[in-house]
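Structure data (mmCIF, C-alpha atoms) from upload-v8.cif:
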```cif
data_data
#
loop_
_atom_site.group_PDB
_atom_site.id
_atom_site.type_symbol
_atom_site.label_atom_id
_atom_site.label_comp_id
_atom_site.auth_asym_id
_atom_site.auth_seq_id
_atom_site.Cartn_x
_atom_site.Cartn_y
_atom_site.Cartn_z
ATOM 1 C CA GLU W 7 -32.320 -76.827 -229.740
ATOM 2 C CA LEU W 8 -33.971 -74.321 -227.424
ATOM 3 C CA GLU W 9 -32.890 -70.696 -227.151
ATOM 4 C CA THR W 10 -33.824 -67.701 -225.053
ATOM 5 C CA GLN W 11 -32.593 -64.115 -225.170
ATOM 6 C CA PHE W 12 -31.584 -62.032 -222.158
ATOM 7 C CA GLY W 13 -30.768 -58.336 -221.939
ATOM 8 C CA ASP W 14 -27.372 -56.955 -222.963
ATOM 9 C CA GLY W 15 -27.051 -59.311 -225.955
ATOM 10 C CA VAL W 16 -26.850 -62.614 -224.089
ATOM 11 C CA ARG W 17 -28.436 -65.823 -225.400
ATOM 12 C CA VAL W 18 -28.734 -69.180 -223.669
ATOM 13 C CA GLN W 19 -29.052 -72.306 -225.802
ATOM 14 C CA ARG W 20 -29.855 -75.872 -224.791
ATOM 15 C CA GLN W 21 -29.308 -78.765 -227.194
ATOM 16 C CA PHE W 22 -30.620 -82.319 -226.994
ATOM 17 C CA ALA W 23 -29.763 -85.103 -229.411
ATOM 18 C CA LEU W 24 -30.859 -88.693 -229.028
ATOM 19 C CA LEU W 25 -28.651 -91.081 -230.972
ATOM 20 C CA ARG W 26 -31.123 -93.928 -230.969
ATOM 21 C CA ALA W 27 -29.027 -96.619 -232.703
ATOM 22 C CA GLU W 28 -25.966 -95.848 -230.546
ATOM 23 C CA ARG W 29 -28.112 -95.550 -227.395
ATOM 24 C CA LEU W 30 -26.575 -92.214 -226.442
ATOM 25 C CA LEU W 31 -28.046 -88.907 -225.268
ATOM 26 C CA TYR W 32 -26.155 -85.678 -225.964
ATOM 27 C CA LEU W 33 -27.016 -82.662 -223.794
ATOM 28 C CA SER W 34 -25.385 -79.264 -223.839
ATOM 29 C CA ASP W 35 -25.926 -75.759 -222.592
ATOM 30 C CA SER W 36 -24.285 -72.642 -224.033
ATOM 31 C CA VAL W 37 -24.192 -69.013 -222.987
ATOM 32 C CA LEU W 38 -23.430 -66.696 -225.914
ATOM 33 C CA ALA W 39 -22.647 -63.043 -225.138
ATOM 34 C CA GLU W 40 -21.690 -60.208 -227.483
ATOM 35 C CA LYS W 41 -18.954 -58.887 -225.165
ATOM 36 C CA GLU W 42 -16.375 -60.652 -223.027
ATOM 37 C CA CYS W 43 -17.509 -60.899 -219.427
ATOM 38 C CA ASP W 44 -17.422 -63.236 -216.432
ATOM 39 C CA LEU W 45 -19.798 -66.053 -217.371
ATOM 40 C CA SER W 46 -21.032 -68.778 -215.084
ATOM 41 C CA LEU W 47 -23.150 -71.637 -216.391
ATOM 42 C CA GLU W 48 -24.695 -74.140 -214.014
ATOM 43 C CA SER W 49 -26.854 -76.995 -215.274
ATOM 44 C CA ARG W 50 -28.745 -79.608 -213.306
ATOM 45 C CA ILE W 51 -29.848 -82.936 -214.732
ATOM 46 C CA PRO W 52 -32.309 -84.817 -212.504
ATOM 47 C CA MET W 53 -31.657 -88.493 -211.782
ATOM 48 C CA GLY W 54 -34.239 -90.995 -210.657
ATOM 49 C CA SER W 55 -34.768 -91.274 -206.916
ATOM 50 C CA ALA W 56 -33.418 -94.852 -206.917
ATOM 51 C CA SER W 57 -30.260 -93.764 -208.789
ATOM 52 C CA GLU W 58 -26.889 -92.837 -207.380
ATOM 53 C CA PHE W 59 -23.985 -90.935 -208.964
ATOM 54 C CA ALA W 60 -20.554 -92.556 -208.723
ATOM 55 C CA PRO W 61 -17.618 -90.436 -209.953
ATOM 56 C CA ALA W 62 -14.595 -92.225 -211.404
ATOM 57 C CA GLU W 63 -11.443 -92.117 -209.298
ATOM 58 C CA LYS W 64 -8.761 -90.990 -211.783
ATOM 59 C CA THR W 65 -10.858 -89.606 -214.621
ATOM 60 C CA THR W 66 -13.651 -87.046 -214.794
ATOM 61 C CA GLU W 67 -16.449 -89.293 -216.054
ATOM 62 C CA GLY W 68 -19.111 -90.671 -213.766
ATOM 63 C CA PHE W 69 -21.701 -93.392 -213.599
ATOM 64 C CA ILE W 70 -25.361 -93.478 -212.667
ATOM 65 C CA GLU W 71 -25.996 -96.689 -210.783
ATOM 66 C CA SER W 72 -29.474 -98.097 -210.297
ATOM 67 C CA ASP W 73 -31.327 -101.407 -210.228
ATOM 68 C CA ALA W 74 -31.511 -101.190 -214.050
ATOM 69 C CA GLY W 75 -27.702 -101.171 -214.366
ATOM 70 C CA ARG W 76 -24.853 -98.732 -214.720
ATOM 71 C CA SER W 77 -24.906 -95.822 -217.190
ATOM 72 C CA LEU W 78 -21.818 -93.903 -218.259
ATOM 73 C CA LEU W 79 -21.668 -90.088 -218.254
ATOM 74 C CA LEU W 80 -18.912 -88.251 -220.123
ATOM 75 C CA PRO W 81 -18.473 -84.533 -219.296
ATOM 76 C CA LEU W 82 -16.928 -83.554 -222.635
ATOM 77 C CA PHE W 83 -16.305 -79.992 -221.423
ATOM 78 C CA LEU W 84 -13.692 -81.326 -218.973
ATOM 79 C CA PRO W 85 -10.410 -83.067 -219.770
ATOM 80 C CA GLU W 86 -10.605 -86.847 -219.428
ATOM 81 C CA TRP W 87 -8.044 -87.107 -216.605
ATOM 82 C CA ARG W 88 -8.512 -85.455 -213.181
ATOM 83 C CA ARG W 89 -4.846 -84.475 -213.015
ATOM 84 C CA GLN W 90 -5.385 -82.322 -216.136
ATOM 85 C CA VAL W 91 -8.172 -80.433 -214.343
ATOM 86 C CA SER W 92 -5.974 -79.756 -211.296
ATOM 87 C CA ILE W 93 -3.051 -78.612 -213.502
ATOM 88 C CA SER W 94 -5.235 -76.134 -215.402
ATOM 89 C CA SER W 95 -6.717 -74.762 -212.137
ATOM 90 C CA SER W 96 -10.088 -74.900 -213.863
ATOM 91 C CA ARG W 97 -13.209 -73.703 -212.079
ATOM 92 C CA ASP W 98 -15.317 -76.112 -214.141
ATOM 93 C CA SER W 99 -16.815 -79.161 -212.412
ATOM 94 C CA PHE W 100 -19.085 -82.191 -212.749
ATOM 95 C CA THR W 101 -20.625 -83.544 -209.527
ATOM 96 C CA SER W 102 -23.928 -84.513 -207.988
ATOM 97 C CA VAL W 103 -26.070 -82.637 -205.508
ATOM 98 C CA GLY W 104 -28.930 -84.592 -203.990
ATOM 99 C CA SER W 105 -30.715 -86.413 -206.807
ATOM 100 C CA SER W 106 -29.298 -84.194 -209.604
ATOM 101 C CA LEU W 107 -26.132 -84.114 -211.650
ATOM 102 C CA LEU W 108 -24.522 -80.675 -211.538
ATOM 103 C CA THR W 109 -22.237 -79.153 -214.168
ATOM 104 C CA LYS W 110 -20.518 -75.808 -213.645
ATOM 105 C CA VAL W 111 -18.537 -73.795 -216.154
ATOM 106 C CA GLN W 112 -17.021 -70.454 -215.109
ATOM 107 C CA GLN W 113 -14.909 -68.406 -217.505
ATOM 108 C CA THR W 114 -14.101 -64.879 -218.546
ATOM 109 C CA SER W 115 -15.172 -65.162 -222.152
ATOM 110 C CA LYS W 116 -17.826 -64.298 -224.734
ATOM 111 C CA ARG W 117 -19.179 -67.848 -224.788
ATOM 112 C CA VAL W 118 -19.237 -70.956 -222.614
ATOM 113 C CA TYR W 119 -20.320 -74.474 -223.526
ATOM 114 C CA ASN W 120 -20.819 -77.614 -221.429
ATOM 115 C CA PRO W 121 -21.604 -80.774 -223.438
ATOM 116 C CA ILE W 122 -22.333 -84.095 -221.736
ATOM 117 C CA LEU W 123 -22.740 -87.491 -223.369
ATOM 118 C CA ILE W 124 -24.919 -89.984 -221.482
ATOM 119 C CA SER W 125 -24.977 -93.668 -222.307
ATOM 120 C CA LEU W 126 -28.436 -95.221 -222.225
ATOM 121 C CA CYS W 127 -27.116 -98.782 -222.011
ATOM 122 C CA SER W 128 -24.771 -100.451 -219.560
ATOM 123 C CA SER W 129 -22.581 -102.021 -222.284
ATOM 124 C CA HIS W 130 -20.743 -98.718 -222.918
ATOM 125 C CA ALA W 131 -19.421 -98.703 -219.350
ATOM 126 C CA LYS W 132 -18.151 -102.282 -219.723
ATOM 127 C CA GLN W 133 -15.917 -101.641 -222.750
ATOM 128 C CA ALA W 134 -12.886 -99.426 -223.210
ATOM 129 C CA PHE W 135 -13.868 -95.782 -223.749
ATOM 130 C CA THR W 136 -12.115 -92.439 -224.046
ATOM 131 C CA TRP W 137 -12.695 -88.875 -225.238
ATOM 132 C CA ARG W 138 -10.453 -86.052 -226.347
ATOM 133 C CA HIS W 139 -10.743 -82.349 -227.011
ATOM 134 C CA LEU W 140 -9.725 -81.734 -230.610
ATOM 135 C CA THR W 141 -7.894 -78.711 -231.977
ATOM 136 C CA VAL W 142 -10.187 -76.624 -234.184
ATOM 137 C CA ALA W 143 -8.634 -74.403 -236.855
ATOM 138 C CA ASP W 144 -9.847 -71.786 -239.322
ATOM 139 C CA GLU W 145 -7.586 -70.631 -242.199
ATOM 140 C CA LEU W 146 -4.489 -72.156 -240.473
ATOM 141 C CA ARG W 147 -5.336 -70.356 -237.186
ATOM 142 C CA ILE W 148 -6.214 -72.330 -234.054
ATOM 143 C CA VAL W 149 -9.543 -70.966 -232.839
ATOM 144 C CA ARG W 150 -10.322 -70.151 -229.237
ATOM 145 C CA PRO W 151 -12.798 -72.395 -227.363
ATOM 146 C CA GLU W 152 -15.303 -69.527 -227.418
ATOM 147 C CA GLU W 153 -15.417 -69.786 -231.242
ATOM 148 C CA ALA W 154 -15.817 -73.543 -231.755
ATOM 149 C CA GLN W 155 -15.127 -76.837 -230.028
ATOM 150 C CA ALA W 156 -14.773 -80.422 -231.217
ATOM 151 C CA PHE W 157 -14.436 -83.789 -229.468
ATOM 152 C CA ARG W 158 -13.705 -87.390 -230.355
ATOM 153 C CA VAL W 159 -15.426 -90.061 -228.274
ATOM 154 C CA GLN W 160 -14.620 -93.761 -228.517
ATOM 155 C CA PHE W 161 -16.525 -96.797 -227.188
ATOM 156 C CA GLY W 162 -14.647 -99.985 -228.056
ATOM 157 C CA THR W 163 -14.064 -99.702 -231.831
ATOM 158 C CA ASP W 164 -16.923 -97.219 -232.408
ATOM 159 C CA GLN W 165 -16.048 -93.533 -232.636
ATOM 160 C CA LEU W 166 -18.182 -90.413 -232.481
ATOM 161 C CA PHE W 167 -17.233 -86.902 -233.589
ATOM 162 C CA VAL W 168 -18.895 -83.902 -231.893
ATOM 163 C CA TYR W 169 -18.492 -80.369 -233.267
ATOM 164 C CA ARG W 170 -20.122 -77.175 -231.996
ATOM 165 C CA ASN W 171 -19.819 -73.784 -233.622
ATOM 166 C CA LEU W 172 -20.207 -70.983 -231.067
ATOM 167 C CA ASP W 173 -19.472 -68.050 -233.362
ATOM 168 C CA LYS W 174 -20.139 -67.179 -236.999
ATOM 169 C CA ALA W 175 -20.585 -70.107 -239.362
ATOM 170 C CA VAL W 176 -17.406 -70.746 -241.354
ATOM 171 C CA ARG W 177 -15.574 -73.834 -242.608
ATOM 172 C CA ARG W 178 -13.174 -75.182 -240.042
ATOM 173 C CA THR W 179 -11.056 -78.256 -239.489
ATOM 174 C CA ALA W 180 -10.637 -80.352 -236.351
ATOM 175 C CA LEU W 181 -7.534 -82.375 -235.577
ATOM 176 C CA GLY W 182 -6.785 -84.798 -232.763
#
```
Transcribe the structure of this file into structure tokens.
Amino acid sequence: ELETQFGDGVRVQRQFALLRAERLLYLSDSVLAEKECDLSLESRIPMGSASEFAPAEKTTEGFIESDAGRSLLLPLFLPEWRRQVSISSSRDSFTSVGSSLLTKVQQTSKRVYNPILISLCSSHAKQAFTWRHLTVADELRIVRPEEAQAFRVQFGTDQLFVYRNLDKAVRRTALG
């Protein structure tokens, strides 16, 4: 995890996690402010020059296609289905610009978070996969996304749980 501090009590964090056995790369950026404000987080992930981004038609995931094969990209910060994005009138997006993947998160909040899960093998894209935002609770209270977020990701019969605390460290539960 990398972190830098900006004026007015704002921190930016970047997390990387390589899940070697699962052949997955987890990347996320977070902006953590002390006061609620209009936050905009834009992250670029460079692709190889011989690679091309192909967004899915009905869902929000995408694929990087190259001579080496097809890699799956899951923008966990977005709902799985495109129709859910259009219903929520979200200003968040996952696209490509030139030879880079581009994620944008825009919210009036204290904190924003944009996790992405990247498959490093083509077999993940060939099997059934899905992901869901989970409900996070603290002392029987559902927490706001600016406090904590959790996700369940499934590839075939394998499942992965992702949890990120964005506020003070306390015990919480996550339900799907």
Check what the PyMOL selection byres ((chain W and resi 57) around 6) selects in the file above and give those residues as number ranges by chain. W: 54-56, 58, 71-72
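Atom pair CA of Ala74 in chain W / CA of Leu126 in chain W: separated by 10.6 Å.
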Assuming the chain letters and numbering stay as they are in my file, what does the PyMOL selection byres ((chain W and resi 81) around 12) actually select? List them as number ranges by chain. W: 32-35, 49, 61-62, 65-69, 78-80, 82-88, 98-101, 107-111, 119-125, 136-139, 157, 159
Keeping only C-alpha atoms, take the residues you just selected and write them out as a JSON list (two decimals), in the frame of the given file.
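Ended up saving to selection.json:
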```json
[["chain", "number", "residue", "atom", "x", "y", "z"],
["W", 32, "TYR", "CA", -26.16, -85.68, -225.96],
["W", 33, "LEU", "CA", -27.02, -82.66, -223.79],
["W", 34, "SER", "CA", -25.38, -79.26, -223.84],
["W", 35, "ASP", "CA", -25.93, -75.76, -222.59],
["W", 49, "SER", "CA", -26.85, -77.00, -215.27],
["W", 61, "PRO", "CA", -17.62, -90.44, -209.95],
["W", 62, "ALA", "CA", -14.60, -92.22, -211.40],
["W", 65, "THR", "CA", -10.86, -89.61, -214.62],
["W", 66, "THR", "CA", -13.65, -87.05, -214.79],
["W", 67, "GLU", "CA", -16.45, -89.29, -216.05],
["W", 68, "GLY", "CA", -19.11, -90.67, -213.77],
["W", 69, "PHE", "CA", -21.70, -93.39, -213.60],
["W", 78, "LEU", "CA", -21.82, -93.90, -218.26],
["W", 79, "LEU", "CA", -21.67, -90.09, -218.25],
["W", 80, "LEU", "CA", -18.91, -88.25, -220.12],
["W", 82, "LEU", "CA", -16.93, -83.55, -222.64],
["W", 83, "PHE", "CA", -16.30, -79.99, -221.42],
["W", 84, "LEU", "CA", -13.69, -81.33, -218.97],
["W", 85, "PRO", "CA", -10.41, -83.07, -219.77],
["W", 86, "GLU", "CA", -10.60, -86.85, -219.43],
["W", 87, "TRP", "CA", -8.04, -87.11, -216.60],
["W", 88, "ARG", "CA", -8.51, -85.46, -213.18],
["W", 98, "ASP", "CA", -15.32, -76.11, -214.14],
["W", 99, "SER", "CA", -16.82, -79.16, -212.41],
["W", 100, "PHE", "CA", -19.08, -82.19, -212.75],
["W", 101, "THR", "CA", -20.62, -83.54, -209.53],
["W", 107, "LEU", "CA", -26.13, -84.11, -211.65],
["W", 108, "LEU", "CA", -24.52, -80.68, -211.54],
["W", 109, "THR", "CA", -22.24, -79.15, -214.17],
["W", 110, "LYS", "CA", -20.52, -75.81, -213.64],
["W", 111, "VAL", "CA", -18.54, -73.80, -216.15],
["W", 119, "TYR", "CA", -20.32, -74.47, -223.53],
["W", 120, "ASN", "CA", -20.82, -77.61, -221.43],
["W", 121, "PRO", "CA", -21.60, -80.77, -223.44],
["W", 122, "ILE", "CA", -22.33, -84.10, -221.74],
["W", 123, "LEU", "CA", -22.74, -87.49, -223.37],
["W", 124, "ILE", "CA", -24.92, -89.98, -221.48],
["W", 125, "SER", "CA", -24.98, -93.67, -222.31],
["W", 136, "THR", "CA", -12.12, -92.44, -224.05],
["W", 137, "TRP", "CA", -12.70, -88.88, -225.24],
["W", 138, "ARG", "CA", -10.45, -86.05, -226.35],
["W", 139, "HIS", "CA", -10.74, -82.35, -227.01],
["W", 157, "PHE", "CA", -14.44, -83.79, -229.47],
["W", 159, "VAL", "CA", -15.43, -90.06, -228.27]]
```
With 5 Å on each side, where is the centre of the axis-aligned box around all listed atoms of range 122-141 of chain W, and how long are its edges in Å to one decimal, as AutoDock Vina command-line options?
```
--center_x -18.2 --center_y -90.5 --center_z -225.7 --size_x 30.5 --size_y 33.6 --size_z 22.6
```
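Nearest to His130 in chain W of all the residues W:Val176, W:Leu30, W:Val16, W:Leu24 is W:Leu30, counting all atoms listed in the file.
The shortest atom-to-atom distance to Arg50 in chain W, with all atoms listed in the file taken into account, belongs to W:Gly104 out of W:Gly104, W:Arg178, W:Ile70, W:Thr141.
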